[in-house]
>>> print(open('work.txt').read())   # compact mmCIF, C-alpha atoms
# COMPACT_ATOMS: atom_id res chain seq x y z
CA MET A 1 -38.38 44.40 13.67
CA PRO A 2 -37.50 44.70 9.96
CA PHE A 3 -38.79 42.26 7.36
CA LEU A 4 -37.96 41.48 3.75
CA ARG A 5 -41.35 41.66 2.10
CA ALA A 6 -40.69 41.10 -1.60
CA PHE A 7 -38.04 41.12 -4.31
CA GLY A 8 -38.23 42.20 -7.93
CA SER A 9 -35.92 42.33 -10.90
CA TYR A 10 -35.54 43.47 -14.46
CA LEU A 11 -33.15 42.20 -17.11
CA PRO A 12 -32.87 43.91 -20.49
CA GLU A 13 -33.96 41.80 -23.47
CA ARG A 14 -30.72 41.77 -25.43
CA ILE A 15 -28.60 38.68 -24.75
CA VAL A 16 -24.88 39.05 -25.46
CA SER A 17 -23.09 35.73 -25.80
CA ASN A 18 -19.47 35.04 -24.96
CA ALA A 19 -18.84 34.66 -28.69
CA GLU A 20 -20.19 38.15 -29.35
CA ILE A 21 -18.36 39.94 -26.56
CA GLY A 22 -15.26 37.83 -27.23
CA ALA A 23 -15.17 38.94 -30.85
CA HIS A 24 -15.54 42.52 -29.66
CA VAL A 25 -12.66 42.44 -27.20
CA GLY A 26 -10.42 39.84 -28.84
CA CYS A 27 -10.73 36.63 -26.83
CA ASP A 28 -12.51 33.32 -27.24
CA ALA A 29 -15.77 32.25 -25.65
CA GLU A 30 -14.33 29.24 -23.84
CA TRP A 31 -11.68 31.34 -22.12
CA ILE A 32 -14.37 33.70 -20.81
CA LYS A 33 -16.32 30.75 -19.40
CA ASN A 34 -13.22 29.31 -17.74
CA VAL A 35 -12.10 32.47 -15.99
CA SER A 36 -15.51 33.68 -14.90
CA GLY A 37 -18.20 31.01 -15.16
CA ILE A 38 -20.16 33.36 -17.44
CA ASP A 39 -22.00 32.11 -20.56
CA GLN A 40 -23.88 35.28 -21.46
CA ARG A 41 -24.97 38.67 -20.15
CA ARG A 42 -27.70 41.20 -20.93
CA PHE A 43 -27.05 44.65 -22.39
CA ALA A 44 -29.58 47.45 -22.13
CA ALA A 45 -30.65 49.37 -25.22
CA ASP A 46 -28.78 52.58 -25.99
CA ASP A 47 -31.77 54.65 -24.91
CA GLU A 48 -32.37 52.71 -21.67
CA SER A 49 -31.04 54.57 -18.63
CA VAL A 50 -30.13 53.35 -15.15
CA ALA A 51 -33.38 54.96 -13.94
CA ASP A 52 -35.33 53.00 -16.60
CA LEU A 53 -33.85 49.72 -15.36
CA ALA A 54 -34.44 50.70 -11.72
CA LEU A 55 -38.06 51.64 -12.39
CA ARG A 56 -38.83 48.25 -13.97
CA ALA A 57 -37.34 46.39 -10.99
CA ALA A 58 -39.20 48.68 -8.58
CA GLN A 59 -42.52 47.98 -10.30
CA SER A 60 -41.83 44.24 -10.29
CA CYS A 61 -41.12 44.35 -6.54
CA LEU A 62 -44.15 46.50 -5.68
CA ASP A 63 -46.39 44.20 -7.77
CA LYS A 64 -45.16 41.16 -5.86
CA ALA A 65 -45.76 42.94 -2.53
CA LYS A 66 -49.16 44.18 -3.77
CA LEU A 67 -48.17 47.59 -2.49
CA SER A 68 -48.77 50.99 -4.02
CA ALA A 69 -45.75 53.25 -4.43
CA SER A 70 -47.65 55.87 -2.44
CA ALA A 71 -47.15 53.70 0.66
CA LEU A 72 -43.36 54.00 0.49
CA GLY A 73 -41.57 55.94 3.20
CA MET A 74 -38.24 56.04 1.39
CA ILE A 75 -36.41 54.85 -1.72
CA LEU A 76 -32.72 53.91 -1.74
CA ILE A 77 -31.03 53.29 -5.09
CA ALA A 78 -27.56 51.78 -5.35
CA SER A 79 -25.71 52.30 -8.61
CA GLY A 80 -22.15 52.85 -9.72
CA THR A 81 -23.09 53.63 -13.31
CA ALA A 82 -25.49 56.55 -13.12
CA GLU A 83 -25.26 58.65 -16.27
CA ARG A 84 -24.37 61.88 -14.53
CA GLN A 85 -22.67 63.05 -11.37
CA PHE A 86 -25.91 64.53 -10.03
CA PRO A 87 -28.75 64.15 -9.62
CA GLY A 88 -28.60 60.37 -9.45
CA PRO A 89 -31.45 58.09 -10.53
CA ALA A 90 -33.27 58.03 -7.16
CA ALA A 91 -35.26 61.25 -7.60
CA THR A 92 -36.17 60.32 -11.19
CA VAL A 93 -37.40 56.89 -10.17
CA ALA A 94 -39.46 58.34 -7.31
CA HIS A 95 -41.02 60.86 -9.71
CA ARG A 96 -41.84 58.15 -12.23
CA LEU A 97 -43.46 56.11 -9.47
CA GLY A 98 -45.75 59.09 -8.92
CA LEU A 99 -44.11 60.33 -5.74
CA ASP A 100 -43.50 64.04 -5.23
CA SER A 101 -42.15 64.31 -1.70
CA THR A 102 -40.96 60.88 -0.56
CA PRO A 103 -37.23 60.95 0.21
CA ALA A 104 -35.25 59.16 -2.50
CA ILE A 105 -31.55 58.71 -1.87
CA ASP A 106 -28.75 57.59 -4.16
CA VAL A 107 -26.21 55.16 -2.75
CA PRO A 108 -23.33 55.41 -5.21
CA LEU A 109 -21.63 52.18 -4.19
CA ALA A 110 -20.84 49.62 -6.87
CA SER A 111 -21.44 45.94 -6.10
CA ALA A 112 -21.96 46.18 -2.33
CA GLY A 113 -24.42 49.09 -2.64
CA THR A 114 -27.61 47.07 -2.27
CA LEU A 115 -26.29 45.21 0.77
CA PHE A 116 -25.46 48.53 2.44
CA ALA A 117 -28.84 49.97 1.42
CA MET A 118 -30.72 46.91 2.75
CA SER A 119 -28.87 47.21 6.04
CA LEU A 120 -29.68 50.93 6.28
CA ALA A 121 -33.31 50.27 5.34
CA SER A 122 -33.66 47.63 8.02
CA ARG A 123 -32.43 50.16 10.58
CA LEU A 124 -34.56 53.05 9.30
CA CYS A 125 -37.87 51.36 8.51
CA ASP A 126 -39.20 51.53 12.07
CA SER A 127 -39.36 55.31 11.76
CA LEU A 128 -39.91 55.72 8.01
CA GLY A 129 -42.16 52.79 7.10
CA GLU A 130 -41.82 50.72 3.94
CA ILE A 131 -38.47 51.29 2.20
CA LEU A 132 -37.78 50.24 -1.37
CA VAL A 133 -34.16 49.29 -2.03
CA ILE A 134 -33.05 49.10 -5.66
CA GLY A 135 -29.76 48.19 -7.31
CA ALA A 136 -29.53 49.19 -10.98
CA GLU A 137 -26.55 49.12 -13.29
CA LYS A 138 -25.79 49.78 -16.93
CA MET A 139 -22.30 48.28 -16.86
CA SER A 140 -22.15 48.09 -20.66
CA SER A 141 -21.93 51.87 -20.76
CA VAL A 142 -18.70 51.91 -18.75
CA VAL A 143 -16.82 48.69 -19.50
CA LEU A 144 -16.97 49.14 -23.27
CA ARG A 145 -15.36 52.58 -23.14
CA GLN A 146 -11.95 52.85 -24.79
CA PRO A 147 -9.24 51.86 -24.03
CA MET A 148 -11.12 48.62 -23.35
CA GLU A 149 -9.61 46.08 -20.96
CA ARG A 150 -10.68 42.65 -22.17
CA GLY A 151 -10.36 40.96 -18.78
CA VAL A 152 -12.85 43.50 -17.41
CA ALA A 153 -15.20 43.99 -20.37
CA ILE A 154 -16.13 40.30 -20.51
CA LEU A 155 -17.37 40.14 -16.92
CA PHE A 156 -20.22 42.59 -16.75
CA GLY A 157 -23.86 42.87 -17.71
CA ASP A 158 -26.81 45.21 -17.18
CA GLY A 159 -29.85 44.75 -14.95
CA ALA A 160 -31.72 45.82 -11.85
CA GLY A 161 -33.02 44.22 -8.67
CA ALA A 162 -35.24 45.48 -5.88
CA CYS A 163 -36.23 44.59 -2.33
CA LEU A 164 -39.00 45.94 -0.15
CA VAL A 165 -38.03 46.30 3.52
CA SER A 166 -40.97 46.61 5.89
CA PRO A 167 -41.21 47.41 9.61
CA THR A 168 -44.31 45.28 10.13
CA GLU A 169 -44.69 42.37 7.72
CA GLY A 170 -42.80 40.21 5.30
CA LYS A 171 -41.58 36.78 4.35
CA ALA A 172 -38.26 36.94 6.19
CA ARG A 173 -37.21 38.70 9.35
CA VAL A 174 -33.91 40.57 9.21
CA LEU A 175 -31.79 39.39 12.13
CA GLY A 176 -28.81 41.67 11.60
CA SER A 177 -26.03 42.79 9.34
CA ALA A 178 -22.30 43.43 9.36
CA LEU A 179 -20.89 46.21 7.17
CA HIS A 180 -17.25 47.11 6.61
CA SER A 181 -15.22 49.58 4.54
CA ASP A 182 -11.49 49.98 3.99
CA GLY A 183 -10.10 52.57 1.60
CA ALA A 184 -6.54 51.20 1.61
CA PHE A 185 -7.09 49.53 -1.75
CA ALA A 186 -9.50 52.07 -3.25
CA GLU A 187 -7.40 52.42 -6.40
CA ASP A 188 -7.61 48.71 -7.15
CA LEU A 189 -11.22 48.90 -8.37
CA ARG A 190 -12.36 52.23 -9.70
CA LEU A 191 -14.38 53.97 -12.36
CA PRO A 192 -12.75 57.27 -13.35
CA PHE A 193 -14.71 59.89 -15.30
CA ASP A 194 -14.75 59.13 -19.03
CA ARG A 195 -12.55 56.06 -18.78
CA PRO A 196 -13.47 52.40 -18.56
CA LEU A 197 -13.67 50.57 -15.26
CA GLU A 198 -10.18 49.78 -13.97
CA MET A 199 -9.60 46.69 -11.86
CA ASN A 200 -6.60 45.01 -10.27
CA GLY A 201 -8.23 41.60 -10.41
CA ARG A 202 -5.67 39.86 -8.25
CA SER A 203 -6.07 42.35 -5.44
CA VAL A 204 -9.87 42.24 -5.63
CA ILE A 205 -9.94 38.44 -5.58
CA LEU A 206 -7.42 38.22 -2.76
CA GLN A 207 -9.23 40.72 -0.56
CA ALA A 208 -12.72 39.45 -1.34
CA SER A 209 -11.87 35.80 -0.81
CA ARG A 210 -10.69 36.60 2.73
CA LYS A 211 -13.01 39.42 3.76
CA VAL A 212 -16.36 37.97 2.66
CA PRO A 213 -16.12 34.64 4.55
CA ARG A 214 -14.87 36.54 7.59
CA ALA A 215 -17.83 38.98 7.50
CA ILE A 216 -20.29 36.11 7.11
CA SER A 217 -18.71 34.17 9.98
CA GLU A 218 -18.70 37.26 12.20
CA LEU A 219 -22.40 37.85 11.57
CA LEU A 220 -23.38 34.21 12.03
CA GLU A 221 -21.42 33.95 15.26
CA LYS A 222 -23.18 37.04 16.59
CA HIS A 223 -26.48 35.28 15.96
CA SER A 224 -25.34 31.91 17.32
CA ARG A 225 -25.39 30.21 13.94
CA LYS A 226 -22.91 28.29 11.87
CA ALA A 227 -22.46 28.47 8.11
CA ALA A 228 -23.88 24.96 7.87
CA ASP A 229 -27.14 26.25 9.42
CA VAL A 230 -27.73 28.64 6.51
CA GLY A 231 -30.04 27.24 3.85
CA THR A 232 -29.16 29.69 1.09
CA PHE A 233 -26.42 32.22 0.53
CA LEU A 234 -27.39 35.06 -1.81
CA MET A 235 -24.07 36.61 -2.68
CA HIS A 236 -23.10 39.36 -5.10
CA GLN A 237 -22.57 37.57 -8.40
CA ALA A 238 -19.04 38.74 -9.14
CA ASN A 239 -17.36 35.61 -10.42
CA GLN A 240 -18.30 31.92 -10.08
CA ASN A 241 -14.77 31.05 -8.98
CA LEU A 242 -15.00 33.59 -6.16
CA ILE A 243 -18.42 32.31 -5.05
CA ASP A 244 -17.03 28.75 -4.97
CA ARG A 245 -14.01 29.93 -3.00
CA VAL A 246 -16.19 31.60 -0.36
CA ALA A 247 -18.25 28.41 -0.05
CA LEU A 248 -15.05 26.43 0.41
CA ALA A 249 -13.76 28.82 3.08
CA LEU A 250 -17.04 28.47 4.99
CA GLU A 251 -16.99 24.69 4.50
CA VAL A 252 -20.47 24.56 3.00
CA PRO A 253 -21.47 22.91 -0.29
CA ALA A 254 -21.17 25.27 -3.24
CA ASP A 255 -24.79 24.64 -4.19
CA ARG A 256 -25.93 26.48 -1.06
CA PHE A 257 -24.77 29.63 -2.90
CA TYR A 258 -27.44 30.67 -5.37
CA SER A 259 -25.80 31.41 -8.70
CA ASN A 260 -27.07 32.97 -11.91
CA ILE A 261 -23.81 34.51 -13.04
CA ALA A 262 -23.66 32.16 -16.03
CA ARG A 263 -26.77 33.87 -17.44
CA TYR A 264 -26.29 37.51 -16.46
CA GLY A 265 -22.60 38.09 -15.74
CA ASN A 266 -21.65 40.53 -13.01
CA THR A 267 -24.36 43.19 -12.76
CA SER A 268 -22.59 44.91 -9.87
CA SER A 269 -24.97 46.34 -7.26
CA ALA A 270 -27.98 44.80 -9.04
CA SER A 271 -26.74 41.21 -8.94
CA MET A 272 -27.57 40.21 -5.38
CA LEU A 273 -31.20 41.30 -5.65
CA ILE A 274 -31.64 39.78 -9.11
CA ALA A 275 -30.46 36.52 -7.55
CA ALA A 276 -32.80 37.04 -4.59
CA ALA A 277 -35.77 37.66 -6.87
CA GLU A 278 -35.12 34.41 -8.76
CA TRP A 279 -34.57 32.49 -5.53
CA ALA A 280 -37.87 33.79 -4.09
CA GLU A 281 -39.78 32.76 -7.22
CA SER A 282 -39.53 29.13 -6.16
CA GLY A 283 -41.06 29.95 -2.77
CA TRP A 284 -39.56 31.22 0.45
CA PRO A 285 -38.56 28.07 2.40
CA ILE A 286 -40.13 28.45 5.84
CA GLY A 287 -37.68 28.32 8.71
CA GLU A 288 -34.63 28.68 6.49
CA SER A 289 -31.84 31.12 7.29
CA VAL A 290 -30.74 33.23 4.34
CA CYS A 291 -27.44 35.04 4.24
CA PHE A 292 -26.76 37.91 1.84
CA ALA A 293 -23.16 38.94 1.18
CA ALA A 294 -21.32 41.37 -1.08
CA PHE A 295 -17.95 42.89 -1.77
CA GLY A 296 -17.17 45.83 -3.99
CA ALA A 297 -15.15 48.90 -4.90
CA GLY A 298 -14.01 50.94 -1.95
CA PHE A 299 -13.51 48.32 -0.66
CA HIS A 300 -16.94 47.91 0.94
CA TRP A 301 -18.15 44.50 2.05
CA GLY A 302 -20.45 42.76 4.48
CA ALA A 303 -23.32 40.38 5.09
CA LEU A 304 -26.97 40.43 6.16
CA LEU A 305 -28.80 37.57 7.85
CA ALA A 306 -32.54 36.90 7.57
CA GLN A 307 -34.86 34.12 8.68
CA VAL A 308 -37.83 33.03 6.59
CA GLU A 309 -40.99 32.95 8.71
CA ALA A 310 -44.27 31.07 8.42
CA MET B 1 14.13 22.91 5.77
CA ASP B 2 15.19 26.34 4.55
CA LYS B 3 12.74 29.06 3.69
CA ARG B 4 13.17 28.86 -0.07
CA THR B 5 12.63 25.09 -0.14
CA LYS B 6 9.51 25.52 1.96
CA ILE B 7 8.17 28.19 -0.41
CA THR B 8 8.89 25.96 -3.42
CA GLU B 9 7.03 23.09 -1.78
CA ILE B 10 4.04 25.37 -1.21
CA LEU B 11 4.10 26.41 -4.86
CA HIS B 12 4.13 22.78 -6.00
CA GLU B 13 1.16 22.07 -3.77
CA ILE B 14 -0.82 25.09 -5.00
CA ALA B 15 -0.01 24.48 -8.67
CA GLY B 16 -0.77 20.77 -8.32
CA LYS B 17 2.45 19.92 -10.12
CA ALA B 18 6.19 20.50 -9.90
CA ILE B 19 7.01 24.00 -11.13
CA SER B 20 10.43 25.60 -11.13
CA PRO B 21 10.12 29.36 -11.46
CA ALA B 22 13.23 31.52 -11.32
CA ASP B 23 13.51 33.32 -8.00
CA ASP B 24 12.50 36.64 -9.53
CA GLU B 25 9.97 35.27 -12.02
CA SER B 26 6.39 36.46 -11.65
CA LEU B 27 4.29 33.48 -10.59
CA PHE B 28 1.18 35.05 -12.04
CA ASP B 29 2.29 37.00 -15.14
CA SER B 30 4.12 33.86 -16.24
CA GLY B 31 0.89 31.87 -16.00
CA LEU B 32 2.32 29.40 -13.48
CA LEU B 33 -0.49 30.30 -11.09
CA ASP B 34 -3.84 31.97 -11.72
CA SER B 35 -5.32 34.86 -9.76
CA PHE B 36 -7.47 32.58 -7.64
CA ALA B 37 -4.41 30.61 -6.56
CA LEU B 38 -3.06 33.77 -4.93
CA ALA B 39 -5.50 33.45 -2.03
CA ASP B 40 -4.50 29.79 -1.59
CA LEU B 41 -0.84 30.78 -1.71
CA VAL B 42 -1.24 33.38 1.04
CA SER B 43 -3.19 30.94 3.24
CA ALA B 44 -0.56 28.24 2.70
CA ILE B 45 2.24 30.65 3.62
CA GLU B 46 0.41 31.59 6.83
CA LYS B 47 0.03 27.93 7.74
CA ALA B 48 3.57 26.85 6.84
CA PHE B 49 5.27 29.77 8.57
CA ASP B 50 2.81 29.99 11.47
CA CYS B 51 1.93 33.62 10.89
CA THR B 52 -1.10 35.79 10.15
CA ILE B 53 -0.76 38.11 7.19
CA PRO B 54 -2.89 41.21 7.84
CA ASP B 55 -5.26 42.40 5.11
CA ALA B 56 -3.24 45.62 4.82
CA ASP B 57 -0.30 43.54 3.58
CA LEU B 58 -2.32 41.72 0.95
CA ASN B 59 -0.75 43.48 -1.99
CA PRO B 60 -0.43 40.86 -4.74
CA ARG B 61 3.01 42.19 -5.68
CA LYS B 62 4.39 41.14 -2.30
CA PHE B 63 3.67 37.52 -3.16
CA ASP B 64 4.43 37.65 -6.87
CA SER B 65 7.73 35.71 -6.86
CA ILE B 66 9.78 33.43 -4.63
CA GLU B 67 12.16 36.32 -4.00
CA ARG B 68 9.38 38.64 -2.89
CA ILE B 69 7.70 36.06 -0.67
CA GLU B 70 11.03 35.38 0.99
CA ALA B 71 11.64 39.10 1.46
CA TYR B 72 8.20 39.56 3.00
CA LEU B 73 8.78 36.75 5.46
CA GLU B 74 12.21 38.04 6.38
CA ASP B 75 10.81 41.53 6.97
CA HIS B 76 8.34 39.97 9.36
CA GLY B 77 10.88 37.93 11.31
CA LYS B 78 10.12 34.58 9.71
>>> encode(input="work.txt", output="structure tokens")
Amino acid sequence: MPFLRAFGSYLPERIVSNAEIGAHVGCDAEWIKNVSGIDQRRFAADDESVADLALRAAQSCLDKAKLSASALGMILIASGTAERQFPGPAATVAHRLGLDSTPAIDVPLASAGTLFAMSLASRLCDSLGEILVIGAEKMSSVVLRQPMERGVAILFGDGAGACLVSPTEGKARVLGSALHSDGAFAEDLRLPFDRPLEMNGRSVILQASRKVPRAISELLEKHSRKAADVGTFLMHQANQNLIDRVALALEVPADRFYSNIARYGNTSSASMLIAAAEWAESGWPIGESVCFAAFGAGFHWGALLAQVEA
Amino acid sequence: MDKRTKITEILHEIAGKAISPADDESLFDSGLLDSFALADLVSAIEKAFDCTIPDADLNPRKFDSIERIEAYLEDHGK
């Protein structure tokens, strides 16, 4: 039976306000807030890599679990912004954690990558042992490329989150997950080589606002639960308006959806675990159901349900 | 009530005010509706015309103007 044992996160020091990014792309701070719910985001230093961000989140998570990296049976790293086509950051992070033979796999899915990796980890941990899932993104390196699209550049930030999935112990038991992919709209959210991220926002919003509530409902129904039974929803922090819309579709109060997008923007695959790490800081509420959900390029989307245990 | 009147009523409801776009005017490029209203628009069309629009048909351009919404509904026997 898989468990979520600990979360960790890392946010770069540099805070970029709406005024600063707005001046850069040619729009005003208030407009950014209105269309996205974002006040500020973090940008990594020029010499900070995706692997650097991932390593800091990994260390934070292992510290919280009081676990040595040598006990890991596998590392999964989700990122859509790795600096090179191969190798991805997974092998580098494993090496920097002092591991020389532990399998470390890149999951090159933006936004939904950590949800997919958590689901895979929960299925694999019985045979592989403790699995560290990391989402790490340096979105600033891709959204500020020219020709810059202002409606895209304003949304994103850098950061990393991590989650330790254990076969034997943890704070929350993973009950199940629902994963989906559909390539019919693959061109509507993409990152070509050497060009900035390209997004058909209307298509993404339309698809996400229907697919995410459906995936959550499907998963909850399978586990004989209703949306109202879930204490906290930890959703990919894409856009506050989208989060509110999903809450509305599920007929639950918006404040059941943990939100930090105002402070960090959309950190793609890192966002859900950064949110989880903050949520867990205030204590894991015993008996509460927690539902993770994400949607991203591909499109890939889904949900994962866990129950906090005594 | 004819189809076009029904669509116009839906648009008024979604926009929260009376709007009078030309039949071929983009509802979104013109700023009459924002991107998040698109999902509401599609749901309202499903309800008003008693149909389910499959995800594969959720191309924003199909619902971008009164003319296009009407054409979509006609193509689907509504």
>>> interface_residues(input="work.txt", of="chain B", to="chain A", cutoff="6 Å", atoms="only C-alpha atoms", output="list of chain:residue names")
B:Ser35, B:Ala39, B:Pro60
>>> atom_distance(input="work.txt", atom1="atom CA of Ser26 of chain B", atom2="atom CA of Gly22 of chain A")
26.7 Å
>>> atom_distance(input="work.txt", atom1="atom CA of Leu191 of chain A", atom2="atom CA of Ala297 of chain A")
9.1 Å
>>> residues_near_point(input="work.txt", point="(-24.6, 60.2, -13.8)", cutoff="12 Å", atoms="all atoms listed in the file", output="ChimeraX atom specification")
/A:49-51,79-90,92,106,108,137-138,141-142,193-194
>>> closest_residue(input="work.txt", among="B:Ala22, B:Ala37, B:Ile66, B:Cys51", to="Glu9 of chain B", atoms="all atoms listed in the file")
B:Ile66
>>> closest_residue(input="work.txt", among="A:Asp158, A:Asp229, A:Asp244, A:Glu20", to="Ala54 of chain A", atoms="all atoms listed in the file")
A:Asp158
>>> closest_residue(input="work.txt", among="A:Gly26, A:Gly159, A:Gly231, A:Gly298", to="Ala58 of chain A", atoms="only C-alpha atoms")
A:Gly159
>>> build_atoms(input="work.txt", residues="segment 15-33 of chain B", atoms="N, CA and C atoms", output="PDB file, keeping the file's coordinate frame")
ATOM      1  N   ALA B  15       0.077  24.679  -7.209  1.00  0.00           N
ATOM      2  CA  ALA B  15      -0.010  24.480  -8.670  1.00  0.00           C
ATOM      3  C   ALA B  15      -0.495  23.072  -9.016  1.00  0.00           C
ATOM      4  N   GLY B  16      -0.368  22.147  -8.067  1.00  0.00           N
ATOM      5  CA  GLY B  16      -0.770  20.770  -8.320  1.00  0.00           C
ATOM      6  C   GLY B  16       0.216  20.016  -9.183  1.00  0.00           C
ATOM      7  N   LYS B  17       1.399  20.582  -9.340  1.00  0.00           N
ATOM      8  CA  LYS B  17       2.450  19.920 -10.120  1.00  0.00           C
ATOM      9  C   LYS B  17       3.787  20.576  -9.763  1.00  0.00           C
ATOM     10  N   ALA B  18       4.866  19.933 -10.159  1.00  0.00           N
ATOM     11  CA  ALA B  18       6.190  20.500  -9.900  1.00  0.00           C
ATOM     12  C   ALA B  18       6.435  21.669 -10.852  1.00  0.00           C
ATOM     13  N   ILE B  19       6.658  22.848 -10.286  1.00  0.00           N
ATOM     14  CA  ILE B  19       7.010  24.000 -11.130  1.00  0.00           C
ATOM     15  C   ILE B  19       8.334  24.550 -10.618  1.00  0.00           C
ATOM     16  N   SER B  20       9.097  25.106 -11.515  1.00  0.00           N
ATOM     17  CA  SER B  20      10.430  25.600 -11.130  1.00  0.00           C
ATOM     18  C   SER B  20      10.653  27.026 -11.619  1.00  0.00           C
ATOM     19  N   PRO B  21       9.927  27.964 -11.030  1.00  0.00           N
ATOM     20  CA  PRO B  21      10.120  29.360 -11.460  1.00  0.00           C
ATOM     21  C   PRO B  21      11.474  29.898 -10.999  1.00  0.00           C
ATOM     22  N   ALA B  22      12.027  30.810 -11.771  1.00  0.00           N
ATOM     23  CA  ALA B  22      13.230  31.520 -11.320  1.00  0.00           C
ATOM     24  C   ALA B  22      12.836  32.341 -10.096  1.00  0.00           C
ATOM     25  N   ASP B  23      13.816  32.635  -9.257  1.00  0.00           N
ATOM     26  CA  ASP B  23      13.510  33.320  -8.000  1.00  0.00           C
ATOM     27  C   ASP B  23      12.791  34.654  -8.203  1.00  0.00           C
ATOM     28  N   ASP B  24      13.118  35.325  -9.306  1.00  0.00           N
ATOM     29  CA  ASP B  24      12.500  36.640  -9.530  1.00  0.00           C
ATOM     30  C   ASP B  24      11.390  36.593 -10.580  1.00  0.00           C
ATOM     31  N   GLU B  25      11.003  35.396 -10.993  1.00  0.00           N
ATOM     32  CA  GLU B  25       9.970  35.270 -12.020  1.00  0.00           C
ATOM     33  C   GLU B  25       8.572  35.460 -11.436  1.00  0.00           C
ATOM     34  N   SER B  26       7.762  36.254 -12.128  1.00  0.00           N
ATOM     35  CA  SER B  26       6.390  36.460 -11.650  1.00  0.00           C
ATOM     36  C   SER B  26       5.611  35.163 -11.740  1.00  0.00           C
ATOM     37  N   LEU B  27       5.043  34.748 -10.624  1.00  0.00           N
ATOM     38  CA  LEU B  27       4.290  33.480 -10.590  1.00  0.00           C
ATOM     39  C   LEU B  27       2.986  33.603 -11.352  1.00  0.00           C
ATOM     40  N   PHE B  28       2.504  34.834 -11.462  1.00  0.00           N
ATOM     41  CA  PHE B  28       1.180  35.050 -12.040  1.00  0.00           C
ATOM     42  C   PHE B  28       1.268  35.549 -13.486  1.00  0.00           C
ATOM     43  N   ASP B  29       2.144  36.519 -13.752  1.00  0.00           N
ATOM     44  CA  ASP B  29       2.290  37.000 -15.140  1.00  0.00           C
ATOM     45  C   ASP B  29       2.806  35.879 -16.038  1.00  0.00           C
ATOM     46  N   SER B  30       3.572  34.961 -15.456  1.00  0.00           N
ATOM     47  CA  SER B  30       4.120  33.860 -16.240  1.00  0.00           C
ATOM     48  C   SER B  30       3.082  32.777 -16.518  1.00  0.00           C
ATOM     49  N   GLY B  31       1.949  32.865 -15.808  1.00  0.00           N
ATOM     50  CA  GLY B  31       0.890  31.870 -16.000  1.00  0.00           C
ATOM     51  C   GLY B  31       1.079  30.605 -15.174  1.00  0.00           C
ATOM     52  N   LEU B  32       2.102  30.588 -14.319  1.00  0.00           N
ATOM     53  CA  LEU B  32       2.320  29.400 -13.480  1.00  0.00           C
ATOM     54  C   LEU B  32       1.165  29.216 -12.489  1.00  0.00           C
ATOM     55  N   LEU B  33       0.662  30.332 -11.986  1.00  0.00           N
ATOM     56  CA  LEU B  33      -0.490  30.300 -11.090  1.00  0.00           C
ATOM     57  C   LEU B  33      -1.531  31.291 -11.595  1.00  0.00           C
TER      58      LEU B  33
END
